[in-house]
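Pasting my_file.cif here (mmCIF, C-alpha atoms):
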```cif
data_start
#
loop_
_atom_site.label_atom_id
_atom_site.label_comp_id
_atom_site.auth_asym_id
_atom_site.auth_seq_id
_atom_site.Cartn_x
_atom_site.Cartn_y
_atom_site.Cartn_z
CA MET A 15 12.28 -7.18 -22.99
CA ASP A 16 11.73 -10.62 -21.53
CA THR A 17 8.18 -11.67 -22.39
CA HIS A 18 7.79 -12.91 -18.79
CA ILE A 19 8.42 -9.45 -17.31
CA ASN A 20 4.95 -8.27 -16.35
CA SER A 21 4.66 -6.54 -13.00
CA LEU A 22 0.92 -6.07 -13.51
CA SER A 23 0.41 -9.82 -13.08
CA TYR A 24 1.02 -9.35 -9.35
CA PHE A 25 -2.14 -7.25 -9.08
CA ARG A 26 -4.62 -9.73 -10.57
CA SER A 27 -5.96 -10.76 -7.18
CA HIS A 28 -6.37 -7.10 -6.23
CA TRP A 29 -8.40 -6.39 -9.36
CA THR A 30 -10.59 -9.43 -8.63
CA VAL A 31 -11.30 -8.15 -5.12
CA TRP A 32 -11.89 -4.58 -6.34
CA LYS A 33 -14.48 -5.87 -8.79
CA LEU A 34 -16.12 -7.89 -6.01
CA LEU A 35 -16.23 -4.81 -3.78
CA GLY A 36 -17.83 -2.63 -6.45
CA ILE A 37 -14.86 -0.28 -6.91
CA ALA A 38 -13.63 -1.16 -10.42
CA TYR A 39 -16.73 0.08 -12.26
CA LYS A 40 -14.77 1.33 -15.29
CA GLN A 41 -13.64 -2.21 -16.08
CA ILE A 42 -17.19 -3.65 -16.13
CA TYR A 43 -19.35 -3.79 -19.29
CA TRP A 44 -22.71 -3.87 -17.47
CA ARG A 45 -21.96 -0.56 -15.81
CA LYS A 46 -25.46 0.49 -14.70
CA LEU A 47 -26.21 -2.88 -13.11
CA TYR A 48 -22.75 -2.93 -11.53
CA LEU A 49 -23.21 0.56 -10.10
CA LEU A 50 -26.46 -0.58 -8.48
CA TYR A 51 -24.64 -3.60 -7.00
CA SER A 52 -21.78 -1.37 -5.84
CA LEU A 53 -24.14 1.15 -4.21
CA SER A 54 -26.07 -1.58 -2.36
CA LEU A 55 -22.96 -3.42 -1.20
CA ASN A 56 -21.17 -0.35 0.08
CA LEU A 57 -24.29 1.02 1.72
CA PHE A 58 -24.90 -2.18 3.70
CA VAL A 59 -21.26 -3.10 4.39
CA THR A 60 -18.84 -0.19 3.98
CA ILE A 61 -21.20 2.23 5.75
CA GLY A 62 -23.65 -0.04 7.55
CA TYR A 63 -21.19 -2.47 9.17
CA PRO A 64 -19.17 0.03 11.26
CA LEU A 65 -22.39 1.93 11.96
CA HIS A 66 -24.13 -1.08 13.52
CA LEU A 67 -21.03 -1.74 15.63
CA GLY A 68 -20.52 1.87 16.68
CA SER A 69 -24.11 2.30 17.82
CA SER A 70 -23.44 0.03 20.81
CA VAL A 71 -20.00 1.27 21.88
CA PHE A 72 -19.81 1.27 25.72
CA GLN A 73 -23.46 0.17 25.93
CA ASN A 74 -23.03 -3.60 26.30
CA GLY A 75 -23.36 -3.97 30.06
CA ASN A 76 -19.90 -5.45 30.72
CA LEU A 77 -16.36 -4.25 30.11
CA PRO A 78 -15.02 -7.21 28.05
CA ASP A 79 -17.82 -6.80 25.51
CA ASP A 80 -17.28 -3.03 25.49
CA LEU A 81 -13.58 -3.50 24.73
CA LYS A 82 -14.26 -6.08 22.04
CA ASN A 83 -16.88 -3.80 20.52
CA LEU A 84 -14.54 -0.80 20.61
CA SER A 85 -11.62 -2.64 18.98
CA ILE A 86 -13.63 -4.15 16.12
CA PHE A 87 -15.55 -0.90 15.59
CA ALA A 88 -12.30 1.09 15.28
CA THR A 89 -10.89 -1.48 12.84
CA CYS A 90 -14.01 -1.63 10.67
CA LEU A 91 -14.43 2.15 10.66
CA ALA A 92 -10.80 2.55 9.58
CA CYS A 93 -11.27 -0.13 6.91
CA SER A 94 -14.34 1.66 5.52
CA LEU A 95 -12.63 5.05 5.52
CA LYS A 96 -9.59 3.63 3.72
CA THR A 97 -11.83 1.92 1.16
CA ILE A 98 -13.65 5.20 0.46
CA LEU A 99 -10.36 7.09 0.09
CA TYR A 100 -8.88 4.48 -2.22
CA ALA A 101 -12.06 4.42 -4.32
CA TYR A 102 -11.97 8.23 -4.57
CA ASN A 103 -8.38 8.13 -5.87
CA PHE A 104 -8.82 4.95 -7.90
CA ASP A 105 -7.82 6.60 -11.20
CA LYS A 106 -4.26 6.74 -9.86
CA VAL A 107 -4.09 2.94 -10.05
CA GLN A 108 -4.21 3.05 -13.85
CA GLN A 109 -1.65 5.87 -13.91
CA MET A 110 0.73 3.70 -11.89
CA GLU A 111 0.11 0.69 -14.11
CA GLN A 112 1.04 2.70 -17.22
CA LEU A 113 4.31 3.72 -15.58
CA LEU A 114 4.99 0.11 -14.59
CA LYS A 115 4.55 -1.02 -18.19
CA LYS A 116 7.19 1.47 -19.33
CA LEU A 117 9.57 0.35 -16.57
CA ASP A 118 8.99 -3.32 -17.40
CA SER A 119 9.92 -2.65 -21.03
CA ARG A 120 13.41 -1.60 -19.88
CA VAL A 121 14.21 -4.81 -18.00
CA SER A 122 16.94 -6.79 -19.74
CA GLY A 123 19.99 -8.86 -18.95
CA THR A 124 20.66 -11.67 -16.50
CA GLU A 125 21.17 -9.49 -13.40
CA GLU A 126 17.94 -7.54 -13.85
CA THR A 127 15.95 -10.69 -14.61
CA LEU A 128 17.34 -12.28 -11.44
CA ILE A 129 16.13 -9.30 -9.38
CA TYR A 130 12.71 -9.63 -10.99
CA ASN A 131 12.57 -13.36 -10.18
CA GLN A 132 13.47 -12.66 -6.54
CA LEU A 133 10.49 -10.31 -6.48
CA LYS A 134 8.13 -13.30 -6.63
CA ILE A 135 9.50 -14.63 -3.33
CA GLN A 136 9.16 -11.23 -1.65
CA LEU A 137 5.56 -10.83 -2.79
CA ARG A 138 4.74 -14.34 -1.60
CA ASN A 139 6.08 -13.37 1.83
CA ILE A 140 3.74 -10.37 1.86
CA LEU A 141 0.81 -12.69 1.13
CA PHE A 142 1.88 -15.00 3.98
CA ILE A 143 1.99 -12.06 6.39
CA VAL A 144 -1.51 -10.96 5.35
CA ILE A 145 -2.90 -14.49 5.78
CA SER A 146 -1.14 -14.91 9.13
CA VAL A 147 -2.85 -11.74 10.37
CA TYR A 148 -6.41 -12.34 9.17
CA LEU A 149 -6.84 -16.11 9.49
CA PRO A 150 -6.11 -16.58 13.24
CA ILE A 151 -8.17 -13.50 14.17
CA GLY A 152 -11.15 -14.73 12.12
CA ILE A 153 -10.95 -18.27 13.51
CA LEU A 154 -10.56 -17.13 17.11
CA ALA A 155 -13.45 -14.68 16.78
CA GLU A 156 -15.73 -17.45 15.50
CA MET A 157 -14.55 -19.92 18.17
CA SER A 158 -15.13 -17.31 20.86
CA PHE A 159 -18.66 -16.96 19.48
CA ILE A 160 -19.29 -20.72 19.34
CA PHE A 161 -18.09 -21.48 22.87
CA GLN A 162 -19.91 -18.65 24.62
CA ASP A 163 -22.30 -19.68 27.41
CA THR A 164 -25.30 -17.62 26.38
CA ARG A 165 -26.81 -16.56 23.07
CA GLY A 166 -24.82 -13.65 21.72
CA LEU A 167 -23.51 -12.10 18.53
CA LEU A 168 -20.13 -12.55 16.91
CA TYR A 169 -19.43 -8.92 17.81
CA PRO A 170 -21.47 -6.76 20.21
CA ALA A 171 -23.69 -4.55 18.04
CA ARG A 172 -27.14 -3.04 17.64
CA PHE A 173 -29.78 -4.14 15.12
CA PRO A 174 -33.13 -2.55 14.22
CA PHE A 175 -34.90 -5.79 15.27
CA ASP A 176 -35.00 -8.01 18.36
CA TRP A 177 -32.50 -10.82 17.74
CA ARG A 178 -32.61 -12.14 21.32
CA SER A 179 -36.20 -13.40 21.39
CA SER A 180 -36.40 -14.65 17.79
CA THR A 181 -34.28 -17.50 16.45
CA ARG A 182 -34.84 -16.34 12.87
CA ASN A 183 -33.72 -12.80 13.67
CA TYR A 184 -30.76 -14.19 15.57
CA TYR A 185 -29.55 -16.14 12.53
CA ILE A 186 -30.15 -13.14 10.27
CA ALA A 187 -28.02 -10.97 12.57
CA HIS A 188 -25.27 -13.59 12.75
CA LEU A 189 -25.30 -14.08 8.95
CA TYR A 190 -24.99 -10.33 8.41
CA GLN A 191 -22.01 -10.16 10.76
CA ILE A 192 -20.28 -13.15 9.17
CA VAL A 193 -20.78 -11.90 5.58
CA GLY A 194 -19.98 -8.33 6.60
CA ILE A 195 -16.72 -9.19 8.34
CA GLY A 196 -15.77 -11.36 5.37
CA LEU A 197 -16.21 -8.43 2.97
CA GLN A 198 -14.36 -6.15 5.40
CA LEU A 199 -11.47 -8.63 5.34
CA PHE A 200 -11.45 -8.42 1.53
CA GLN A 201 -11.38 -4.64 1.82
CA ASN A 202 -8.51 -4.84 4.28
CA TYR A 203 -6.66 -7.20 1.94
CA VAL A 204 -6.53 -4.69 -0.93
CA ASN A 205 -6.14 -1.71 1.42
CA ASP A 206 -3.09 -3.16 3.16
CA CYS A 207 -1.62 -5.44 0.51
CA TYR A 208 -1.69 -3.16 -2.55
CA PRO A 209 0.62 -0.42 -1.14
CA SER A 210 3.16 -2.96 0.10
CA VAL A 211 3.17 -4.86 -3.21
CA MET A 212 3.56 -1.65 -5.21
CA LEU A 213 6.41 -0.40 -2.99
CA CYS A 214 8.09 -3.80 -3.25
CA ILE A 215 7.94 -3.59 -7.06
CA ILE A 216 9.25 0.01 -7.04
CA SER A 217 12.14 -1.14 -4.84
CA ALA A 218 12.93 -3.98 -7.28
CA HIS A 219 12.86 -1.63 -10.30
CA THR A 220 15.17 0.78 -8.44
CA LYS A 221 17.65 -2.07 -7.89
CA MET A 222 17.43 -2.90 -11.61
CA LEU A 223 18.12 0.74 -12.48
CA TYR A 224 21.18 0.63 -10.21
CA LYS A 225 22.52 -2.28 -12.27
CA ARG A 226 21.66 -0.43 -15.49
CA PHE A 227 23.73 2.59 -14.41
CA GLU A 228 26.73 0.39 -13.61
CA HIS A 229 26.85 -0.90 -17.19
CA ILE A 230 26.84 2.51 -18.88
CA GLY A 231 29.96 2.96 -21.00
CA SER A 232 31.03 -0.67 -20.87
CA GLU A 233 32.55 -2.18 -23.99
CA GLY A 234 30.27 -3.40 -26.73
CA THR A 235 27.28 -1.27 -25.67
CA GLU A 236 25.40 1.53 -27.43
CA ASP A 237 26.25 5.22 -27.18
CA SER A 238 26.97 6.04 -23.52
CA GLU A 239 25.14 9.36 -23.51
CA THR A 240 22.01 7.73 -24.95
CA GLN A 241 22.25 5.08 -22.22
CA LEU A 242 22.59 7.76 -19.57
CA GLU A 243 19.56 9.69 -20.80
CA ALA A 244 17.51 6.47 -20.90
CA CYS A 245 18.49 5.67 -17.30
CA ILE A 246 17.67 9.20 -16.17
CA THR A 247 14.26 8.84 -17.83
CA ASP A 248 13.77 5.57 -15.92
CA HIS A 249 14.66 7.37 -12.70
CA LYS A 250 12.16 10.10 -13.50
CA ARG A 251 9.44 7.50 -14.08
CA LEU A 252 10.30 5.74 -10.83
CA LEU A 253 10.03 9.02 -8.94
CA GLU A 254 6.69 9.77 -10.59
CA LEU A 255 5.46 6.29 -9.71
CA PHE A 256 6.67 6.67 -6.11
CA LYS A 257 5.05 10.10 -5.68
CA THR A 258 1.78 8.86 -7.18
CA MET A 259 1.81 5.88 -4.82
CA GLU A 260 2.61 8.18 -1.90
CA SER A 261 -0.37 10.43 -2.64
CA PHE A 262 -2.57 7.34 -3.13
CA MET A 263 -1.78 5.75 0.23
CA SER A 264 -0.90 8.79 2.36
CA MET A 265 -4.17 9.46 4.22
CA PRO A 266 -5.18 5.74 4.47
CA MET A 267 -1.82 5.00 6.11
CA LEU A 268 -2.37 7.75 8.69
CA ILE A 269 -5.74 6.19 9.51
CA GLN A 270 -4.08 2.77 9.80
CA PHE A 271 -1.35 4.10 12.13
CA THR A 272 -4.00 5.66 14.37
CA VAL A 273 -6.23 2.59 14.61
CA THR A 274 -3.19 0.33 15.13
CA ALA A 275 -2.08 2.36 18.14
CA LEU A 276 -5.61 2.27 19.58
CA ASN A 277 -6.06 -1.47 19.06
CA VAL A 278 -2.68 -2.40 20.51
CA CYS A 279 -3.54 -0.49 23.71
CA VAL A 280 -7.08 -1.90 23.93
CA GLY A 281 -5.99 -5.44 23.05
CA PHE A 282 -3.23 -5.74 25.64
CA ALA A 283 -5.30 -3.98 28.31
CA ALA A 284 -8.16 -6.45 27.76
CA PHE A 285 -5.77 -9.43 27.76
CA LEU A 286 -3.93 -8.39 30.92
CA PHE A 287 -6.64 -6.88 33.11
CA PHE A 288 -10.24 -7.31 32.02
CA VAL A 289 -10.93 -10.55 30.11
CA THR A 290 -10.84 -13.85 32.01
CA GLU A 291 -12.45 -16.28 29.54
CA PRO A 292 -9.66 -18.30 27.78
CA MET A 293 -10.90 -17.92 24.19
CA GLY A 294 -11.51 -14.22 24.74
CA ARG A 295 -7.98 -13.71 26.12
CA THR A 296 -6.47 -15.61 23.18
CA TYR A 297 -8.49 -13.52 20.73
CA PHE A 298 -7.33 -10.21 22.24
CA LEU A 299 -3.70 -11.40 22.38
CA PHE A 300 -3.64 -12.37 18.69
CA TYR A 301 -5.57 -9.22 17.82
CA ALA A 302 -3.09 -6.92 19.58
CA MET A 303 -0.11 -8.74 18.05
CA GLY A 304 -1.61 -9.14 14.58
CA ILE A 305 -2.85 -5.61 13.91
CA PRO A 306 0.68 -4.05 13.77
CA LEU A 307 1.64 -6.65 11.14
CA GLN A 308 -0.82 -4.96 8.76
CA ILE A 309 1.49 -1.98 8.40
CA PHE A 310 4.80 -3.88 8.60
CA PRO A 311 5.18 -4.79 4.87
CA THR A 312 4.30 -1.25 3.71
CA CYS A 313 6.73 0.33 6.18
CA TYR A 314 9.47 -2.19 5.35
CA TYR A 315 9.32 -1.78 1.59
CA GLY A 316 8.83 1.97 1.94
CA MET A 317 12.16 2.10 3.80
CA ASP A 318 13.75 -0.27 1.28
CA THR A 319 12.64 1.97 -1.60
CA GLU A 320 14.04 5.04 0.18
CA LEU A 321 17.33 3.19 0.72
CA TRP A 322 17.75 2.32 -2.96
CA PHE A 323 16.75 5.78 -4.14
CA GLY A 324 19.43 7.10 -1.81
CA LYS A 325 22.06 4.91 -3.52
CA MET A 326 21.44 6.28 -7.01
CA HIS A 327 24.36 8.73 -6.90
CA TYR A 328 26.68 5.82 -6.07
CA ALA A 329 25.32 3.95 -9.08
CA ALA A 330 25.94 6.98 -11.32
CA PHE A 331 29.63 7.08 -10.39
CA SER A 332 29.93 3.30 -10.78
CA CYS A 333 29.68 3.66 -14.55
CA ASN A 334 32.63 4.26 -16.87
CA TRP A 335 32.26 8.06 -16.72
CA THR A 336 35.92 9.11 -16.68
CA THR A 337 36.42 8.54 -20.41
CA GLN A 338 33.17 10.16 -21.50
CA SER A 339 32.50 13.52 -23.16
CA ARG A 340 32.02 16.85 -21.39
CA SER A 341 28.31 16.80 -22.23
CA PHE A 342 27.98 13.36 -20.62
CA LYS A 343 29.70 14.54 -17.44
CA LYS A 344 27.48 17.62 -17.16
CA LYS A 345 24.35 15.49 -17.40
CA LEU A 346 25.77 12.99 -14.94
CA MET A 347 26.62 15.70 -12.41
CA LEU A 348 23.16 17.23 -12.68
CA PHE A 349 21.57 13.82 -12.20
CA VAL A 350 23.74 13.14 -9.14
CA GLU A 351 22.69 16.43 -7.52
CA CYS A 352 19.02 15.76 -8.24
CA SER A 353 19.26 12.18 -6.95
CA LEU A 354 20.46 13.42 -3.54
CA LYS A 355 16.91 14.48 -2.72
CA GLN A 356 15.47 12.24 -0.02
CA ASN A 357 12.41 10.26 -1.12
CA THR A 358 10.43 9.16 1.91
CA ALA A 359 6.78 8.09 1.71
CA MET A 360 4.84 10.18 4.22
CA ALA A 361 1.34 10.19 5.67
CA VAL A 362 -0.69 13.37 5.10
CA ILE A 363 1.59 14.90 2.48
CA GLY A 364 -0.43 18.11 2.29
CA VAL A 365 0.03 18.87 6.00
CA TYR A 366 3.78 18.29 5.73
CA GLU A 367 4.07 20.49 2.65
CA LYS A 368 2.16 23.31 4.36
CA LEU A 369 4.44 23.10 7.40
CA GLN A 370 7.47 23.02 5.13
CA GLY A 371 6.25 26.05 3.18
CA ALA A 372 5.67 27.97 6.40
CA GLY A 373 9.20 27.22 7.58
CA ALA A 374 8.04 24.89 10.37
CA VAL A 375 10.02 21.99 8.85
CA PRO A 376 13.75 22.86 8.91
CA CYS A 377 15.90 22.54 5.79
CA ASN A 378 18.60 19.90 5.67
CA LYS A 379 21.51 19.00 3.41
CA ARG A 380 19.32 17.09 0.99
CA GLU A 381 17.01 20.07 0.56
CA ALA A 382 20.09 22.19 -0.11
CA SER A 383 20.95 19.81 -2.95
CA ASN A 384 17.60 20.66 -4.55
CA VAL A 385 18.70 24.31 -4.70
CA ILE A 386 21.94 23.21 -6.37
CA CYS A 387 19.90 21.17 -8.85
CA GLU A 388 17.75 24.18 -9.74
CA VAL A 389 20.82 26.40 -10.15
CA ALA A 390 22.43 23.81 -12.42
CA ILE A 391 19.34 23.68 -14.63
CA ALA A 392 19.35 27.47 -14.86
CA LYS A 393 23.06 27.49 -15.74
CA TYR A 394 23.13 24.73 -18.38
CA GLY A 395 19.70 25.47 -19.80
CA HIS A 396 16.84 23.14 -20.65
CA SER A 397 18.08 22.58 -24.19
CA GLN A 398 20.83 20.27 -22.91
CA MET A 399 18.54 18.59 -20.39
CA GLN A 400 15.48 17.60 -22.42
CA TRP A 401 15.30 14.31 -20.52
CA ILE A 402 13.98 16.26 -17.52
CA ALA A 403 10.99 17.76 -19.28
CA ASN A 404 10.26 15.24 -21.99
CA ASP A 405 9.47 11.56 -21.77
CA ASN A 406 11.37 9.44 -24.28
#
```
Represent the structure contained in this file as structure tokens.
Amino acid sequence: MDTHINSLSYFRSHWTVWKLLGIAYKQIYWRKLYLLYSLSLNLFVTIGYPLHLGSSVFQNGNLPDDLKNLSIFATCLACSLKTILYAYNFDKVQQMEQLLKKLDSRVSGTEETLIYNQLKIQLRNILFIVISVYLPIGILAEMSFIFQDTRGLLYPARFPFDWRSSTRNYYIAHLYQIVGIGLQLFQNYVNDCYPSVMLCIISAHTKMLYKRFEHIGSEGTEDSETQLEACITDHKRLLELFKTMESFMSMPMLIQFTVTALNVCVGFAAFLFFVTEPMGRTYFLFYAMGIPLQIFPTCYYGMDTELWFGKMHYAAFSCNWTTQSRSFKKKLMLFVECSLKQNTAMAVIGVYEKLQGAGAVPCNKREASNVICEVAIAKYGHSQMQWIANDN
């Protein structure tokens, strides 16, 4: 393995933010002190921030403030819910990292290294998209606050003290909103960026596996059947990684889809019909256009991963299989049938599985291939197919 192949290096910034947000308590030595910090931070920000915004929804006296309050409340509530869900399933992060280490150890050759190097450019593009979403919205929100005619808050909200008649209380309220929205942006960064980065890496490893399959049986290589079994094990690990990632991000993505739809409607309605102040109109325009970009990288690389998983049977028949043994061909055929299963990341997996089990989701050709796969396993027996049950 190339010593520079380390997919985990792309998650360093995420681990830094997780530690800042009080989520990565297992990686901290001063655990009791850190847990106290985590409890305080999440009580005042993760729970308190959307609560202080939601307590004044539709109670601000004018429609533009009501719409601004509603949009930021929905976004912050969704951010907090996603953070709680990710923290609850945080052990899956380490499971995925262990699988990535095993996949990294299989990277070799010029073609695979080239795919890995292209990954850096793709991940940099994800970072640019994230920055392009958060930075303009944050700047425009602060400018809208600065240029307002009367004393007001960054976002319409309710506090347990009178901030209108006291300058000190006013600055305390503004400081809380600035710090709070900053921490919410950090939460959104890991909530939205981590799934897209992980799916991008899974897509890259699937492309590498495609190249690996093509070289099976070529001259000057090791035993073809051993190569095939190693590639099938890689495919199994990729599927396990993909399914773990799907279960990790499923419910948070449903929340994000819901709040995106709401904010697009509210943002464009405010821009077109209700807000007349120039900075306010610009804020709502960028807000309505920027929010959908949060889900774009995850959706794009989710589709890209599905595409490359769907090409695996082509990769299997791209190898030099015609001159191989009968045992090799049996294993190859079984792999091809199993690889026909569609792998699509879905929101709310449990609901889909219940509908599928009840017959509400119709079968298709790919599901029929799963039946063929099971029949093949029953016919050939598990003794010949140890690569399915056992990890090399």
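You can rank A:Ile140, A:Ser180, A:Ile129, A:Leu55 by their closest distance to A:Val193 using only C-alpha atoms, and at the top of that list sits A:Leu55.
The space between atom CA of A:Lys33 and atom CA of A:Gln108 spans 14.5 Å.
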Return the padded bounding box of stretch 201-213 of chain A as JSON: axis-aligned, built from all atoms listed in the file, 6 Å added on each side, with centre and edge lengths in Å to one decimal.
```
{"center_x": -2.5, "center_y": -3.8, "center_z": -0.5, "size_x": 29.8, "size_y": 18.8, "size_z": 21.5}
```
Can you translate the PyMOL selection byres ((chain A and resi 248-261) around 8) into the concrete residues it hits in this file, as a PyMOL selection string? chain A and resi 106+110+113-114+117+209+212-213+216+219-220+223+244-247+262-265+359-361+363+402
Among A:Cys214, A:Cys313, A:Ala92, A:Val147, A:Pro266 is approached most closely, using all atoms listed in the file, by A:Ala92
Do you have the atom CA of A:Leu65-atom CA of A:Tyr190 distance handy?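 If I compute the distance from atom CA of A:Leu65 to atom CA of A:Tyr190, I get 13.0 Å.
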From A:Ser21, A:Ser353, A:Gln73, A:Ser94, residue lying nearest A:Leu35 [only C-alpha atoms]: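 Checking each of A:Ser21, A:Ser353, A:Gln73, A:Ser94 against A:Leu35, counting only C-alpha atoms, the winner is A:Ser94.
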Can you tell me how far atom CA of A:Gly231 sits from atom CA of A:Asn334, in Å to one decimal?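 Between atom CA of A:Gly231 and atom CA of A:Asn334 the gap is 5.1 Å.
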Skip stretch 201-208 of chain A itself and residues of its chain fewer than 4 positions away, then list as a ChimeraX atom specification all residues within 9 Å of it, counting only C-alpha atoms. /A:25,27-29,31-32,35,60,93-94,96-97,100,140-141,144,148,196-197,212-213,263,266-267,270,308-309,311-312
Save the residues we just selected, C-alpha atoms, as a PDB file, in the frame of the given file?
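again_38.pdb was written with the following content:
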```pdb
ATOM      1  CA  PHE A  25      -2.140  -7.250  -9.080  1.00  0.00           C
ATOM      2  CA  SER A  27      -5.960 -10.760  -7.180  1.00  0.00           C
ATOM      3  CA  HIS A  28      -6.370  -7.100  -6.230  1.00  0.00           C
ATOM      4  CA  TRP A  29      -8.400  -6.390  -9.360  1.00  0.00           C
ATOM      5  CA  VAL A  31     -11.300  -8.150  -5.120  1.00  0.00           C
ATOM      6  CA  TRP A  32     -11.890  -4.580  -6.340  1.00  0.00           C
ATOM      7  CA  LEU A  35     -16.230  -4.810  -3.780  1.00  0.00           C
ATOM      8  CA  THR A  60     -18.840  -0.190   3.980  1.00  0.00           C
ATOM      9  CA  CYS A  93     -11.270  -0.130   6.910  1.00  0.00           C
ATOM     10  CA  SER A  94     -14.340   1.660   5.520  1.00  0.00           C
ATOM     11  CA  LYS A  96      -9.590   3.630   3.720  1.00  0.00           C
ATOM     12  CA  THR A  97     -11.830   1.920   1.160  1.00  0.00           C
ATOM     13  CA  TYR A 100      -8.880   4.480  -2.220  1.00  0.00           C
ATOM     14  CA  ILE A 140       3.740 -10.370   1.860  1.00  0.00           C
ATOM     15  CA  LEU A 141       0.810 -12.690   1.130  1.00  0.00           C
ATOM     16  CA  VAL A 144      -1.510 -10.960   5.350  1.00  0.00           C
ATOM     17  CA  TYR A 148      -6.410 -12.340   9.170  1.00  0.00           C
ATOM     18  CA  GLY A 196     -15.770 -11.360   5.370  1.00  0.00           C
ATOM     19  CA  LEU A 197     -16.210  -8.430   2.970  1.00  0.00           C
ATOM     20  CA  MET A 212       3.560  -1.650  -5.210  1.00  0.00           C
ATOM     21  CA  LEU A 213       6.410  -0.400  -2.990  1.00  0.00           C
ATOM     22  CA  MET A 263      -1.780   5.750   0.230  1.00  0.00           C
ATOM     23  CA  PRO A 266      -5.180   5.740   4.470  1.00  0.00           C
ATOM     24  CA  MET A 267      -1.820   5.000   6.110  1.00  0.00           C
ATOM     25  CA  GLN A 270      -4.080   2.770   9.800  1.00  0.00           C
ATOM     26  CA  GLN A 308      -0.820  -4.960   8.760  1.00  0.00           C
ATOM     27  CA  ILE A 309       1.490  -1.980   8.400  1.00  0.00           C
ATOM     28  CA  PRO A 311       5.180  -4.790   4.870  1.00  0.00           C
ATOM     29  CA  THR A 312       4.300  -1.250   3.710  1.00  0.00           C
TER      30      THR A 312
END
```
Pull out every residue that the PyMOL selection byres ((chain A and resi 271-281) around 8) matches in the shown coordinates and put them as a list in words. Leu81, Ser85, Ala88, Thr89, Ala92, Met267, Leu268, Ile269, Gln270, Phe282, Ala283, Ala284, Phe285, Phe298, Leu299, Tyr301, Ala302, Met303, Ile305, Pro306 and Ile309 of chain A
